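> Just query_4.json, nothing more (JSON, C-alpha atoms):
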```
[["chain", "number", "residue", "atom", "x", "y", "z"],
["A", 1, "MET", "CA", 80.42, 15.65, 4.47],
["A", 2, "GLU", "CA", 81.72, 17.50, 7.49],
["A", 3, "GLU", "CA", 79.83, 17.96, 10.71],
["A", 4, "LYS", "CA", 79.86, 21.70, 10.19],
["A", 5, "ASP", "CA", 78.18, 21.27, 6.81],
["A", 6, "ILE", "CA", 75.44, 19.10, 8.27],
["A", 7, "TYR", "CA", 74.67, 21.66, 10.94],
["A", 8, "SER", "CA", 74.50, 24.44, 8.41],
["A", 9, "GLU", "CA", 72.30, 22.25, 6.20],
["A", 10, "LEU", "CA", 69.95, 21.47, 9.07],
["A", 11, "SER", "CA", 69.76, 25.06, 10.20],
["A", 12, "SER", "CA", 69.02, 26.22, 6.66],
["A", 13, "ILE", "CA", 66.18, 23.68, 6.43],
["A", 14, "ARG", "CA", 64.79, 24.79, 9.75],
["A", 15, "ASN", "CA", 65.06, 28.42, 8.79],
["A", 16, "LEU", "CA", 63.26, 27.85, 5.50],
["A", 17, "MET", "CA", 60.46, 25.84, 7.06],
["A", 18, "GLU", "CA", 59.91, 28.59, 9.57],
["A", 19, "ARG", "CA", 60.16, 31.47, 7.12],
["A", 20, "SER", "CA", 57.83, 29.78, 4.65],
["A", 21, "THR", "CA", 55.11, 29.21, 7.26],
["A", 22, "LYS", "CA", 55.35, 32.24, 9.51],
["A", 23, "PHE", "CA", 55.10, 35.89, 8.68],
["A", 24, "ILE", "CA", 57.62, 37.57, 10.94],
["A", 25, "SER", "CA", 57.70, 41.10, 9.64],
["A", 26, "LEU", "CA", 54.87, 42.25, 11.91],
["A", 27, "SER", "CA", 56.07, 45.41, 13.53],
["A", 28, "GLY", "CA", 55.98, 45.77, 17.29],
["A", 29, "LEU", "CA", 56.01, 49.52, 16.94],
["A", 30, "SER", "CA", 52.65, 49.44, 15.16],
["A", 31, "GLY", "CA", 51.21, 47.72, 18.24],
["A", 32, "VAL", "CA", 52.45, 50.55, 20.44],
["A", 33, "MET", "CA", 50.98, 53.14, 18.05],
["A", 34, "ALA", "CA", 47.62, 51.32, 17.93],
["A", 35, "GLY", "CA", 47.61, 51.28, 21.71],
["A", 36, "ILE", "CA", 48.24, 55.01, 21.90],
["A", 37, "TYR", "CA", 45.44, 55.75, 19.40],
["A", 38, "ALA", "CA", 43.11, 53.56, 21.42],
["A", 39, "LEU", "CA", 43.95, 55.30, 24.70],
["A", 40, "ILE", "CA", 43.38, 58.73, 23.13],
["A", 41, "GLY", "CA", 40.12, 57.41, 21.69],
["A", 42, "ALA", "CA", 39.04, 56.04, 25.05],
["A", 43, "TYR", "CA", 39.87, 59.35, 26.73],
["A", 44, "LEU", "CA", 37.78, 61.28, 24.20],
["A", 45, "GLY", "CA", 35.02, 58.73, 24.67],
["A", 46, "CYS", "CA", 35.06, 59.29, 28.42],
["A", 47, "GLN", "CA", 34.76, 63.06, 27.89],
["A", 48, "ILE", "CA", 31.72, 62.56, 25.68],
["A", 49, "ILE", "CA", 30.03, 60.30, 28.20],
["A", 50, "LYS", "CA", 30.89, 62.59, 31.10],
["A", 51, "SER", "CA", 29.45, 65.58, 29.26],
["A", 52, "SER", "CA", 26.04, 63.93, 29.22],
["A", 53, "ASP", "CA", 24.01, 64.57, 32.32],
["A", 54, "ILE", "CA", 23.19, 60.95, 33.05],
["A", 55, "TRP", "CA", 26.75, 60.28, 34.17],
["A", 56, "ASP", "CA", 25.95, 61.25, 37.75],
["A", 57, "THR", "CA", 22.94, 59.00, 38.18],
["A", 58, "GLY", "CA", 25.26, 56.00, 38.27],
["A", 59, "GLU", "CA", 23.00, 53.99, 36.01],
["A", 60, "VAL", "CA", 24.33, 51.84, 33.20],
["A", 61, "MET", "CA", 25.41, 54.48, 30.74],
["A", 62, "SER", "CA", 24.90, 52.62, 27.51],
["A", 63, "PHE", "CA", 21.13, 52.74, 27.66],
["A", 64, "HIS", "CA", 20.83, 56.41, 28.42],
["A", 65, "LEU", "CA", 23.18, 58.02, 25.92],
["A", 66, "GLY", "CA", 21.51, 60.02, 23.18],
["A", 67, "GLN", "CA", 21.71, 59.12, 19.50],
["A", 68, "GLU", "CA", 24.17, 61.91, 18.82],
["A", 69, "LYS", "CA", 26.60, 60.79, 21.53],
["A", 70, "ILE", "CA", 26.45, 57.19, 20.36],
["A", 71, "LEU", "CA", 27.28, 58.38, 16.86],
["A", 72, "GLN", "CA", 30.27, 60.34, 18.18],
["A", 73, "LEU", "CA", 31.57, 57.32, 20.09],
["A", 74, "PHE", "CA", 31.10, 55.18, 17.01],
["A", 75, "LEU", "CA", 33.05, 57.68, 14.89],
["A", 76, "ILE", "CA", 35.93, 57.73, 17.39],
["A", 77, "ALA", "CA", 36.08, 53.94, 17.44],
["A", 78, "THR", "CA", 36.10, 53.80, 13.64],
["A", 79, "LEU", "CA", 38.82, 56.43, 13.47],
["A", 80, "VAL", "CA", 40.97, 54.50, 15.94],
["A", 81, "LEU", "CA", 40.49, 51.36, 13.86],
["A", 82, "VAL", "CA", 41.36, 53.04, 10.54],
["A", 83, "LEU", "CA", 44.42, 54.81, 11.99],
["A", 84, "SER", "CA", 45.68, 51.61, 13.65],
["A", 85, "LEU", "CA", 45.27, 49.58, 10.47],
["A", 86, "THR", "CA", 47.00, 52.18, 8.28],
["A", 87, "THR", "CA", 49.92, 52.53, 10.68],
["A", 88, "GLY", "CA", 50.16, 48.76, 11.06],
["A", 89, "VAL", "CA", 50.16, 48.06, 7.32],
["A", 90, "TRP", "CA", 52.61, 50.87, 6.64],
["A", 91, "LEU", "CA", 55.10, 49.82, 9.34],
["A", 92, "THR", "CA", 54.81, 46.15, 8.39],
["A", 93, "ILE", "CA", 55.58, 46.84, 4.73],
["A", 94, "ARG", "CA", 58.51, 48.99, 5.80],
["A", 95, "GLN", "CA", 59.83, 46.25, 8.09],
["A", 96, "ALA", "CA", 59.44, 43.60, 5.38],
["A", 97, "ASN", "CA", 61.34, 45.77, 2.90],
["A", 98, "LYS", "CA", 64.06, 46.31, 5.43],
["A", 99, "LYS", "CA", 64.43, 42.55, 5.85],
["A", 100, "GLY", "CA", 64.38, 42.09, 2.09],
["A", 101, "GLU", "CA", 61.17, 40.09, 2.37],
["A", 102, "SER", "CA", 58.08, 40.53, 0.32],
["A", 103, "SER", "CA", 55.13, 41.64, 2.43],
["A", 104, "TRP", "CA", 52.65, 40.03, 0.03],
["A", 105, "ASN", "CA", 53.48, 36.32, 0.04],
["A", 106, "PRO", "CA", 51.56, 33.08, 0.65],
["A", 107, "VAL", "CA", 52.07, 33.38, 4.41],
["A", 108, "SER", "CA", 50.87, 36.95, 4.75],
["A", 109, "ARG", "CA", 47.87, 36.07, 2.57],
["A", 110, "ARG", "CA", 47.01, 33.14, 4.83],
["A", 111, "LEU", "CA", 47.49, 35.30, 7.89],
["A", 112, "LEU", "CA", 45.14, 37.98, 6.57],
["A", 113, "PHE", "CA", 42.54, 35.46, 5.38],
["A", 114, "ASN", "CA", 42.44, 33.67, 8.72],
["A", 115, "MET", "CA", 42.12, 36.90, 10.66],
["A", 116, "ALA", "CA", 39.56, 38.34, 8.26],
["A", 117, "ILE", "CA", 36.89, 35.73, 9.02],
["A", 118, "PRO", "CA", 36.40, 36.53, 12.72],
["A", 119, "LEU", "CA", 37.04, 40.24, 12.10],
["A", 120, "PHE", "CA", 34.39, 40.62, 9.41],
["A", 121, "THR", "CA", 31.93, 38.48, 11.35],
["A", 122, "GLY", "CA", 32.55, 40.68, 14.38],
["A", 123, "GLY", "CA", 32.27, 43.88, 12.36],
["A", 124, "LEU", "CA", 28.93, 42.84, 10.88],
["A", 125, "PHE", "CA", 27.70, 41.64, 14.26],
["A", 126, "ILE", "CA", 28.52, 45.01, 15.83],
["A", 127, "LEU", "CA", 26.73, 46.84, 13.00],
["A", 128, "ILE", "CA", 23.69, 44.63, 13.65],
["A", 129, "LEU", "CA", 23.88, 45.48, 17.37],
["A", 130, "ILE", "CA", 23.93, 49.18, 16.46],
["A", 131, "PHE", "CA", 20.92, 48.83, 14.16],
["A", 132, "ARG", "CA", 19.00, 47.03, 16.88],
["A", 133, "GLY", "CA", 19.96, 49.68, 19.42],
["A", 134, "ASP", "CA", 21.70, 47.09, 21.58],
["A", 135, "PHE", "CA", 24.65, 49.23, 22.59],
["A", 136, "ALA", "CA", 25.62, 47.43, 25.76],
["A", 137, "LEU", "CA", 27.46, 44.59, 24.05],
["A", 138, "ILE", "CA", 29.37, 46.58, 21.42],
["A", 139, "ALA", "CA", 32.60, 46.99, 23.37],
["A", 140, "PRO", "CA", 32.68, 43.40, 24.67],
["A", 141, "SER", "CA", 32.01, 42.06, 21.16],
["A", 142, "SER", "CA", 34.80, 44.11, 19.63],
["A", 143, "LEU", "CA", 37.24, 42.69, 22.19],
["A", 144, "LEU", "CA", 35.96, 39.14, 21.77],
["A", 145, "PHE", "CA", 36.03, 39.03, 17.98],
["A", 146, "TYR", "CA", 39.39, 40.80, 17.84],
["A", 147, "GLY", "CA", 40.81, 38.24, 20.28],
["A", 148, "LEU", "CA", 39.41, 35.38, 18.21],
["A", 149, "ALA", "CA", 40.96, 36.89, 15.06],
["A", 150, "LEU", "CA", 44.36, 37.06, 16.76],
["A", 151, "VAL", "CA", 44.17, 33.46, 17.90],
["A", 152, "ALA", "CA", 43.10, 32.39, 14.40],
["A", 153, "GLY", "CA", 45.98, 34.27, 12.77],
["A", 154, "SER", "CA", 48.61, 33.33, 15.33],
["A", 155, "SER", "CA", 49.60, 30.06, 13.64],
["A", 156, "TYR", "CA", 50.95, 32.12, 10.73],
["A", 157, "THR", "CA", 53.08, 34.52, 12.75],
["A", 158, "PHE", "CA", 54.82, 34.87, 16.12],
["A", 159, "SER", "CA", 53.15, 32.63, 18.68],
["A", 160, "ASP", "CA", 53.11, 35.59, 21.09],
["A", 161, "VAL", "CA", 50.11, 36.87, 19.13],
["A", 162, "LYS", "CA", 48.09, 33.95, 20.47],
["A", 163, "TRP", "CA", 48.59, 35.13, 24.04],
["A", 164, "LEU", "CA", 47.53, 38.64, 23.13],
["A", 165, "GLY", "CA", 44.43, 37.04, 21.61],
["A", 166, "PHE", "CA", 43.63, 35.06, 24.78],
["A", 167, "CYS", "CA", 44.00, 38.22, 26.88],
["A", 168, "GLU", "CA", 41.60, 40.12, 24.60],
["A", 169, "ILE", "CA", 39.02, 37.32, 24.80],
["A", 170, "PHE", "CA", 39.37, 37.25, 28.57],
["A", 171, "LEU", "CA", 38.84, 41.01, 28.81],
["A", 172, "GLY", "CA", 35.89, 40.79, 26.40],
["A", 173, "LEU", "CA", 34.15, 38.20, 28.56],
["A", 174, "PHE", "CA", 34.76, 40.19, 31.73],
["A", 175, "SER", "CA", 33.51, 43.33, 30.06],
["A", 176, "ALA", "CA", 30.28, 41.52, 29.12],
["A", 177, "LEU", "CA", 29.96, 40.37, 32.71],
["A", 178, "LEU", "CA", 30.39, 43.84, 34.22],
["A", 179, "PRO", "CA", 28.18, 46.32, 32.36],
["A", 180, "GLY", "CA", 29.04, 49.98, 32.82],
["A", 181, "TYR", "CA", 32.80, 49.52, 32.62],
["A", 182, "GLU", "CA", 32.96, 49.01, 28.86],
["A", 183, "ILE", "CA", 35.27, 51.93, 28.19],
["A", 184, "ILE", "CA", 37.73, 50.83, 30.86],
["A", 185, "PHE", "CA", 37.92, 47.30, 29.48],
["A", 186, "TRP", "CA", 38.12, 48.65, 25.96],
["A", 187, "ALA", "CA", 41.01, 50.94, 26.92],
["A", 188, "LEU", "CA", 42.75, 48.05, 28.68],
["A", 189, "GLY", "CA", 42.32, 45.68, 25.75],
["A", 190, "PHE", "CA", 43.03, 47.93, 22.82],
["A", 191, "GLY", "CA", 45.25, 50.47, 24.56],
["A", 192, "VAL", "CA", 47.32, 49.07, 27.41],
["A", 193, "LEU", "CA", 47.63, 45.49, 26.04],
["A", 194, "HIS", "CA", 48.70, 46.74, 22.61],
["A", 195, "ILE", "CA", 51.38, 49.00, 24.03],
["A", 196, "LEU", "CA", 52.63, 46.23, 26.30],
["A", 197, "TYR", "CA", 52.60, 43.66, 23.51],
["A", 198, "GLY", "CA", 54.18, 46.02, 20.98],
["A", 199, "ALA", "CA", 57.00, 46.92, 23.37],
["A", 200, "ILE", "CA", 57.69, 43.25, 24.16],
["A", 201, "MET", "CA", 57.74, 42.35, 20.47],
["A", 202, "HIS", "CA", 59.97, 45.28, 19.64],
["A", 203, "PHE", "CA", 62.60, 44.35, 22.18],
["A", 204, "LYS", "CA", 62.32, 40.60, 21.61],
["A", 205, "TYR", "CA", 62.60, 40.51, 17.83],
["A", 206, "ASN", "CA", 63.83, 43.85, 16.58],
["A", 207, "GLN", "CA", 67.19, 44.02, 18.19],
["B", 1, "MET", "CA", 80.77, 4.47, 5.18],
["B", 2, "LYS", "CA", 77.39, 2.81, 5.20],
["B", 3, "ILE", "CA", 75.55, 5.86, 6.43],
["B", 4, "PHE", "CA", 76.10, 7.71, 3.20],
["B", 5, "ASP", "CA", 73.95, 5.14, 1.43],
["B", 6, "GLN", "CA", 70.99, 6.39, 3.39],
["B", 7, "PHE", "CA", 71.27, 9.82, 1.83],
["B", 8, "ASP", "CA", 68.80, 10.45, -0.91],
["B", 9, "LYS", "CA", 70.52, 11.12, -4.22],
["B", 10, "ALA", "CA", 67.69, 13.46, -5.17],
["B", 11, "PHE", "CA", 68.58, 15.70, -2.23],
["B", 12, "GLU", "CA", 72.28, 15.90, -2.92],
["B", 13, "ASN", "CA", 71.66, 19.27, -4.43],
["B", 14, "ARG", "CA", 71.10, 21.86, -1.74],
["B", 15, "LEU", "CA", 68.40, 23.74, -3.61],
["B", 16, "ARG", "CA", 66.33, 20.58, -4.04],
["B", 17, "LEU", "CA", 66.48, 19.93, -0.32],
["B", 18, "GLN", "CA", 65.46, 23.52, 0.33],
["B", 19, "ILE", "CA", 62.51, 23.27, -2.07],
["B", 20, "MET", "CA", 61.44, 20.09, -0.33],
["B", 21, "SER", "CA", 61.62, 21.64, 3.14],
["B", 22, "VAL", "CA", 59.32, 24.46, 2.05],
["B", 23, "LEU", "CA", 56.84, 22.03, 0.48],
["B", 24, "VAL", "CA", 56.84, 19.71, 3.48],
["B", 25, "ALA", "CA", 56.14, 22.61, 5.84],
["B", 26, "ASN", "CA", 53.32, 23.99, 3.68],
["B", 27, "GLU", "CA", 50.22, 22.53, 2.10],
["B", 28, "TYR", "CA", 51.30, 24.02, -1.24],
["B", 29, "TYR", "CA", 53.48, 26.82, -2.62],
["B", 30, "ASP", "CA", 53.47, 28.61, -5.97],
["B", 31, "PHE", "CA", 56.38, 29.10, -8.32],
["B", 32, "ASN", "CA", 56.92, 32.83, -7.87],
["B", 33, "SER", "CA", 56.76, 32.69, -4.08],
["B", 34, "LEU", "CA", 59.26, 29.84, -4.07],
["B", 35, "LYS", "CA", 61.53, 31.85, -6.33],
["B", 36, "GLU", "CA", 61.32, 34.85, -4.03],
["B", 37, "LEU", "CA", 61.86, 32.83, -0.86],
["B", 38, "LEU", "CA", 64.84, 30.86, -2.16],
["B", 39, "GLU", "CA", 66.33, 33.75, -4.12],
["B", 40, "VAL", "CA", 67.05, 31.75, -7.27],
["B", 41, "THR", "CA", 66.56, 32.27, -11.00],
["B", 42, "ASP", "CA", 63.55, 30.96, -12.95],
["B", 43, "GLY", "CA", 65.62, 28.46, -14.92],
["B", 44, "ASN", "CA", 67.45, 27.09, -11.93],
["B", 45, "LEU", "CA", 64.28, 26.60, -9.91],
["B", 46, "ALA", "CA", 62.40, 25.07, -12.84],
["B", 47, "SER", "CA", 65.10, 22.50, -13.58],
["B", 48, "HIS", "CA", 65.26, 21.34, -9.96],
["B", 49, "LEU", "CA", 61.50, 21.21, -9.68],
["B", 50, "LYS", "CA", 61.50, 19.05, -12.80],
["B", 51, "ALA", "CA", 64.03, 16.71, -11.19],
["B", 52, "LEU", "CA", 61.87, 16.38, -8.07],
["B", 53, "GLU", "CA", 58.83, 15.80, -10.24],
["B", 54, "LYS", "CA", 60.63, 13.01, -12.05],
["B", 55, "GLU", "CA", 61.26, 11.32, -8.69],
["B", 56, "GLU", "CA", 57.53, 11.75, -7.99],
["B", 57, "TYR", "CA", 58.43, 13.64, -4.82],
["B", 58, "ILE", "CA", 56.20, 16.60, -5.71],
["B", 59, "ILE", "CA", 52.76, 17.09, -7.16],
["B", 60, "ILE", "CA", 52.16, 19.88, -9.64],
["B", 61, "SER", "CA", 48.84, 21.52, -10.32],
["B", 62, "LYS", "CA", 48.50, 24.15, -13.00],
["B", 63, "SER", "CA", 45.75, 26.72, -13.16],
["B", 64, "PHE", "CA", 45.22, 30.23, -14.41],
["B", 65, "ILE", "CA", 44.61, 33.48, -12.57],
["B", 66, "GLY", "CA", 43.11, 35.57, -15.32],
["B", 67, "ARG", "CA", 45.49, 34.90, -18.17],
["B", 68, "LYS", "CA", 48.57, 34.35, -16.06],
["B", 69, "PRO", "CA", 49.53, 30.74, -15.44],
["B", 70, "ASN", "CA", 49.71, 29.88, -11.77],
["B", 71, "THR", "CA", 51.54, 26.68, -10.89],
["B", 72, "GLN", "CA", 51.22, 25.23, -7.42],
["B", 73, "TYR", "CA", 53.59, 22.66, -6.00],
["B", 74, "ALA", "CA", 52.92, 20.23, -3.17],
["B", 75, "ALA", "CA", 54.98, 17.47, -1.56],
["B", 76, "SER", "CA", 53.74, 13.97, -2.37],
["B", 77, "LEU", "CA", 53.54, 11.28, 0.30],
["B", 78, "LEU", "CA", 56.60, 9.64, -1.24],
["B", 79, "GLY", "CA", 58.44, 12.95, -1.15],
["B", 80, "LYS", "CA", 57.56, 13.53, 2.50],
["B", 81, "GLN", "CA", 58.82, 10.07, 3.43],
["B", 82, "ALA", "CA", 62.04, 10.57, 1.47],
["B", 83, "PHE", "CA", 62.59, 13.94, 3.14],
["B", 84, "LYS", "CA", 62.09, 12.45, 6.58],
["B", 85, "LYS", "CA", 64.49, 9.60, 5.83],
["B", 86, "HIS", "CA", 67.09, 12.02, 4.56],
["B", 87, "LEU", "CA", 66.86, 14.08, 7.75],
["B", 88, "GLU", "CA", 67.18, 10.92, 9.84],
["B", 89, "ALA", "CA", 70.32, 10.01, 7.90],
["B", 90, "LEU", "CA", 71.77, 13.45, 8.64],
["B", 91, "GLU", "CA", 70.90, 12.99, 12.28],
["B", 92, "ASN", "CA", 72.55, 9.57, 12.38],
["B", 93, "LEU", "CA", 75.67, 10.98, 10.88],
["B", 94, "ILE", "CA", 75.89, 13.58, 13.62],
["B", 95, "LYS", "CA", 75.32, 10.95, 16.30],
["B", 96, "GLN", "CA", 78.02, 8.75, 14.83],
["B", 97, "GLN", "CA", 80.56, 11.53, 14.82],
["B", 98, "LYS", "CA", 79.97, 12.32, 18.45]]
```
In structure tokens, write the structure found in this file.

Amino acid sequence: MEEKDIYSELSSIRNLMERSTKFISLSGLSGVMAGIYALIGAYLGCQIIKSSDIWDTGEVMSFHLGQEKILQLFLIATLVLVLSLTTGVWLTIRQANKKGESSWNPVSRRLLFNMAIPLFTGGLFILILIFRGDFALIAPSSLLFYGLALVAGSSYTFSDVKWLGFCEIFLGLFSALLPGYEIIFWALGFGVLHILYGAIMHFKYNQ
Amino acid sequence: MKIFDQFDKAFENRLRLQIMSVLVANEYYDFNSLKELLEVTDGNLASHLKALEKEEYIIISKSFIGRKPNTQYAASLLGKQAFKKHLEALENLIKQQK
């Protein structure tokens, strides 16, 4: 056996171990798109809040918004979520096909399952908050549970995802600490961070 | 050379070594996903899995999803040890040549 053969053998083992445990077809571009949707959503949200007269009083806005406005904000957030997910799934499948990989394999299943637990818990928790009329903690919770989902899923994909997760958790905690700035933290977490992360991933792995 | 004695005969075939590396890195893996990942034919994969099974390097568990059979493969403790030893032998060979 030649030295060259051993190296190629070792690198093929390494490659297989990595490919069989990590899903690497996540698209950076979908992160950028999700970030843009979120920023547009946050902008629209700001307009809605500004259009209500309580904006000027400087009080914590969450408690004074009317039912109708809350519903509008909720619809925007849901729309951002649905659009981001659709774009993400679509671009990921496209990327996997381009690499000749299947997008539905044991690793992607594990990735989804591990992310789904915190995400569904968070989703239900936020619905409960809405039913109870506790609007103040909705934005912080969405950041927190999303961050936890990323950290949970990160062992099955690029480890960079873990850092995005930590940043989201950090922003979520700060947002809970500073009531009244929810939309700003939300825009930072879901908008700016996603664009930043997506761009980094795109240039790091796509070229 | 003595070092060649340390190589595991079961891993002489490249595909078997590849199967083993996937199973060592994962808790378990199913037949179709292995086939897709390694880009091999059914028959080829099955015969090498059988060989590894005969060495008791892998554990097979069969179940059904609906009516379709679903076979999961996992590395046994013996298989993991053999894999590790084989890698060490490769490493030693590199060291010796340097």
> Within 8 Å of (43.7, 54.4, 13.8) in the file's own coordinates, which protein, DNA or RNA residues have an atom, counting only C-alpha atoms? List them as a list in words.
Ala34, Tyr37, Ala38, Thr78, Leu79, Val80, Leu81, Val82, Leu83, Ser84, Leu85, Thr86 and Thr87 of chain A
> One decimal, Å: what's the distance from atom CA of A:Thr21 over to atom CA of A:Ser141, could you say?
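That distance, rounded to one decimal, is 29.9 Å.
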> Using only C-alpha atoms, I'd like every residue of chain A that has an atom within 12 Å of chain B; please write them out as a ChimeraX atom specification.
/A:1-22,100-110,156
> Compile the contact shell of B:Asp8 as a ChimeraX atom specification: residues with an atom at most 8 Å away, counting only C-alpha atoms, same-chain residues fewer than 3 positions apart removed.
/B:5,11-12,82,86
> Neighbouring residues of stretch 58-67 of chain B were defined as those with any atom within 9 Å, considering all atoms listed in the file; residues of the same chain fewer than 4 positions away were excluded. Please report them as a PyMOL selection string.
chain B and resi 20+23+49+52-54+71-80
> Mind pulling up the distance from atom CA of A:Phe174 to atom CA of A:Phe131?
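So the two atoms, atom CA of A:Phe131 and atom CA of A:Phe174, lie 24.0 Å apart.
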> Measure the distance from atom CA of A:Ile169 to atom CA of A:His194 in Å and round it to one decimal.
13.7 Å
> Taking into account only C-alpha atoms, which residue in the set A:Leu91, A:Ala139, A:Val32, A:Leu148 is nearest to A:Leu119?
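Residue with the minimum atom-to-atom distance to A:Leu119: A:Leu148.
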> From the set A:Leu112, A:Ile128, A:Leu39, A:Cys167, which residue has the shortest atom-to-atom contact distance to A:Ala77, counting all atoms listed in the file?
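Counting all atoms listed in the file, the residue closest to A:Ala77 is A:Leu39.
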> At a cut-off of 12 Å, using all atoms listed in the file, what residues contact A:Leu127? Leave out same-chain residues fewer than 4 positions from it and give the result as JSON, numbers by chain.
{"A": [74, 78, 120, 121, 122, 123, 131, 132, 133, 134, 135, 137, 138, 139, 141, 142]}
> Write out as a PDB file with C-alpha atoms, in the coordinates of the input each polymer residue whose atoms come within 10 Å of A:Ala42, counting only C-alpha atoms; drop sequence neighbours fewer than 5 positions from it.

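Produced file part_17.pdb, reproduced below:
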```
ATOM      1  CA  ILE A  36      48.240  55.010  21.900  1.00  0.00           C
ATOM      2  CA  TYR A  37      45.440  55.750  19.400  1.00  0.00           C
ATOM      3  CA  GLN A  47      34.760  63.060  27.890  1.00  0.00           C
ATOM      4  CA  ILE A  48      31.720  62.560  25.680  1.00  0.00           C
ATOM      5  CA  LEU A  73      31.570  57.320  20.090  1.00  0.00           C
ATOM      6  CA  ILE A  76      35.930  57.730  17.390  1.00  0.00           C
ATOM      7  CA  ALA A  77      36.080  53.940  17.440  1.00  0.00           C
ATOM      8  CA  VAL A  80      40.970  54.500  15.940  1.00  0.00           C
ATOM      9  CA  ILE A 183      35.270  51.930  28.190  1.00  0.00           C
ATOM     10  CA  ILE A 184      37.730  50.830  30.860  1.00  0.00           C
ATOM     11  CA  PHE A 185      37.920  47.300  29.480  1.00  0.00           C
ATOM     12  CA  TRP A 186      38.120  48.650  25.960  1.00  0.00           C
ATOM     13  CA  ALA A 187      41.010  50.940  26.920  1.00  0.00           C
ATOM     14  CA  LEU A 188      42.750  48.050  28.680  1.00  0.00           C
ATOM     15  CA  PHE A 190      43.030  47.930  22.820  1.00  0.00           C
ATOM     16  CA  GLY A 191      45.250  50.470  24.560  1.00  0.00           C
TER      17      GLY A 191
END
```
> Identify which of the residues A:Tyr43, A:Phe145, A:Trp90, A:Tyr205 lies closest to A:Ser30, counting all atoms listed in the file when measuring atom-to-atom distances.
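Nearest candidate to A:Ser30 out of A:Tyr43, A:Phe145, A:Trp90, A:Tyr205: A:Trp90.
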> Applying 10 Å and only C-alpha atoms, which residues near A:Met115 remain after dropping the ones on its own chain fewer than 6 positions away? List them as a list in words.
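Counting only the stated atoms, we get Arg109, Phe145, Tyr146, Gly147, Leu148, Ala149, Leu150, Val151, Ala152, Gly153 and Ser154 of chain A.
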> Take every atom of stretch 64-67 of chain B listed in the file, fit an axis-aligned box around them, add 4 Å per side, and give the centre and edge lengths in Å to one decimal as AutoDock Vina command-line options.

```
--center_x 44.3 --center_y 32.9 --center_z -15.4 --size_x 10.4 --size_y 13.3 --size_z 13.6
```
> Could I see stretch 167-177 of chain A restored to N, CA, C and O atoms, set down as a PDB file, in the frame of the given file?

```pdb
ATOM      1  N   CYS A 167      44.231  37.113  25.945  1.00  0.00           N
ATOM      2  CA  CYS A 167      44.000  38.220  26.880  1.00  0.00           C
ATOM      3  C   CYS A 167      42.811  39.061  26.435  1.00  0.00           C
ATOM      4  O   CYS A 167      41.981  39.474  27.259  1.00  0.00           O
ATOM      5  N   GLU A 168      42.718  39.317  25.114  1.00  0.00           N
ATOM      6  CA  GLU A 168      41.600  40.120  24.600  1.00  0.00           C
ATOM      7  C   GLU A 168      40.270  39.403  24.836  1.00  0.00           C
ATOM      8  O   GLU A 168      39.278  40.025  25.217  1.00  0.00           O
ATOM      9  N   ILE A 169      40.255  38.090  24.601  1.00  0.00           N
ATOM     10  CA  ILE A 169      39.020  37.320  24.800  1.00  0.00           C
ATOM     11  C   ILE A 169      38.612  37.377  26.279  1.00  0.00           C
ATOM     12  O   ILE A 169      37.448  37.607  26.610  1.00  0.00           O
ATOM     13  N   PHE A 170      39.582  37.200  27.136  1.00  0.00           N
ATOM     14  CA  PHE A 170      39.370  37.250  28.570  1.00  0.00           C
ATOM     15  C   PHE A 170      38.747  38.594  28.984  1.00  0.00           C
ATOM     16  O   PHE A 170      37.735  38.652  29.691  1.00  0.00           O
ATOM     17  N   LEU A 171      39.356  39.682  28.492  1.00  0.00           N
ATOM     18  CA  LEU A 171      38.840  41.010  28.810  1.00  0.00           C
ATOM     19  C   LEU A 171      37.438  41.201  28.247  1.00  0.00           C
ATOM     20  O   LEU A 171      36.569  41.795  28.887  1.00  0.00           O
ATOM     21  N   GLY A 172      37.204  40.680  27.026  1.00  0.00           N
ATOM     22  CA  GLY A 172      35.890  40.790  26.400  1.00  0.00           C
ATOM     23  C   GLY A 172      34.817  40.124  27.238  1.00  0.00           C
ATOM     24  O   GLY A 172      33.733  40.669  27.450  1.00  0.00           O
ATOM     25  N   LEU A 173      35.124  38.924  27.751  1.00  0.00           N
ATOM     26  CA  LEU A 173      34.150  38.200  28.560  1.00  0.00           C
ATOM     27  C   LEU A 173      33.874  38.949  29.863  1.00  0.00           C
ATOM     28  O   LEU A 173      32.725  39.093  30.278  1.00  0.00           O
ATOM     29  N   PHE A 174      34.930  39.446  30.495  1.00  0.00           N
ATOM     30  CA  PHE A 174      34.760  40.190  31.730  1.00  0.00           C
ATOM     31  C   PHE A 174      33.943  41.451  31.501  1.00  0.00           C
ATOM     32  O   PHE A 174      33.098  41.826  32.317  1.00  0.00           O
ATOM     33  N   SER A 175      34.219  42.095  30.369  1.00  0.00           N
ATOM     34  CA  SER A 175      33.510  43.330  30.060  1.00  0.00           C
ATOM     35  C   SER A 175      32.018  43.051  29.863  1.00  0.00           C
ATOM     36  O   SER A 175      31.167  43.854  30.240  1.00  0.00           O
ATOM     37  N   ALA A 176      31.693  41.874  29.303  1.00  0.00           N
ATOM     38  CA  ALA A 176      30.280  41.520  29.120  1.00  0.00           C
ATOM     39  C   ALA A 176      29.621  41.228  30.462  1.00  0.00           C
ATOM     40  O   ALA A 176      28.428  41.443  30.661  1.00  0.00           O
ATOM     41  N   LEU A 177      30.456  40.749  31.394  1.00  0.00           N
ATOM     42  CA  LEU A 177      29.960  40.370  32.710  1.00  0.00           C
ATOM     43  C   LEU A 177      29.699  41.602  33.582  1.00  0.00           C
ATOM     44  O   LEU A 177      28.827  41.596  34.447  1.00  0.00           O
TER      45      LEU A 177
END
```
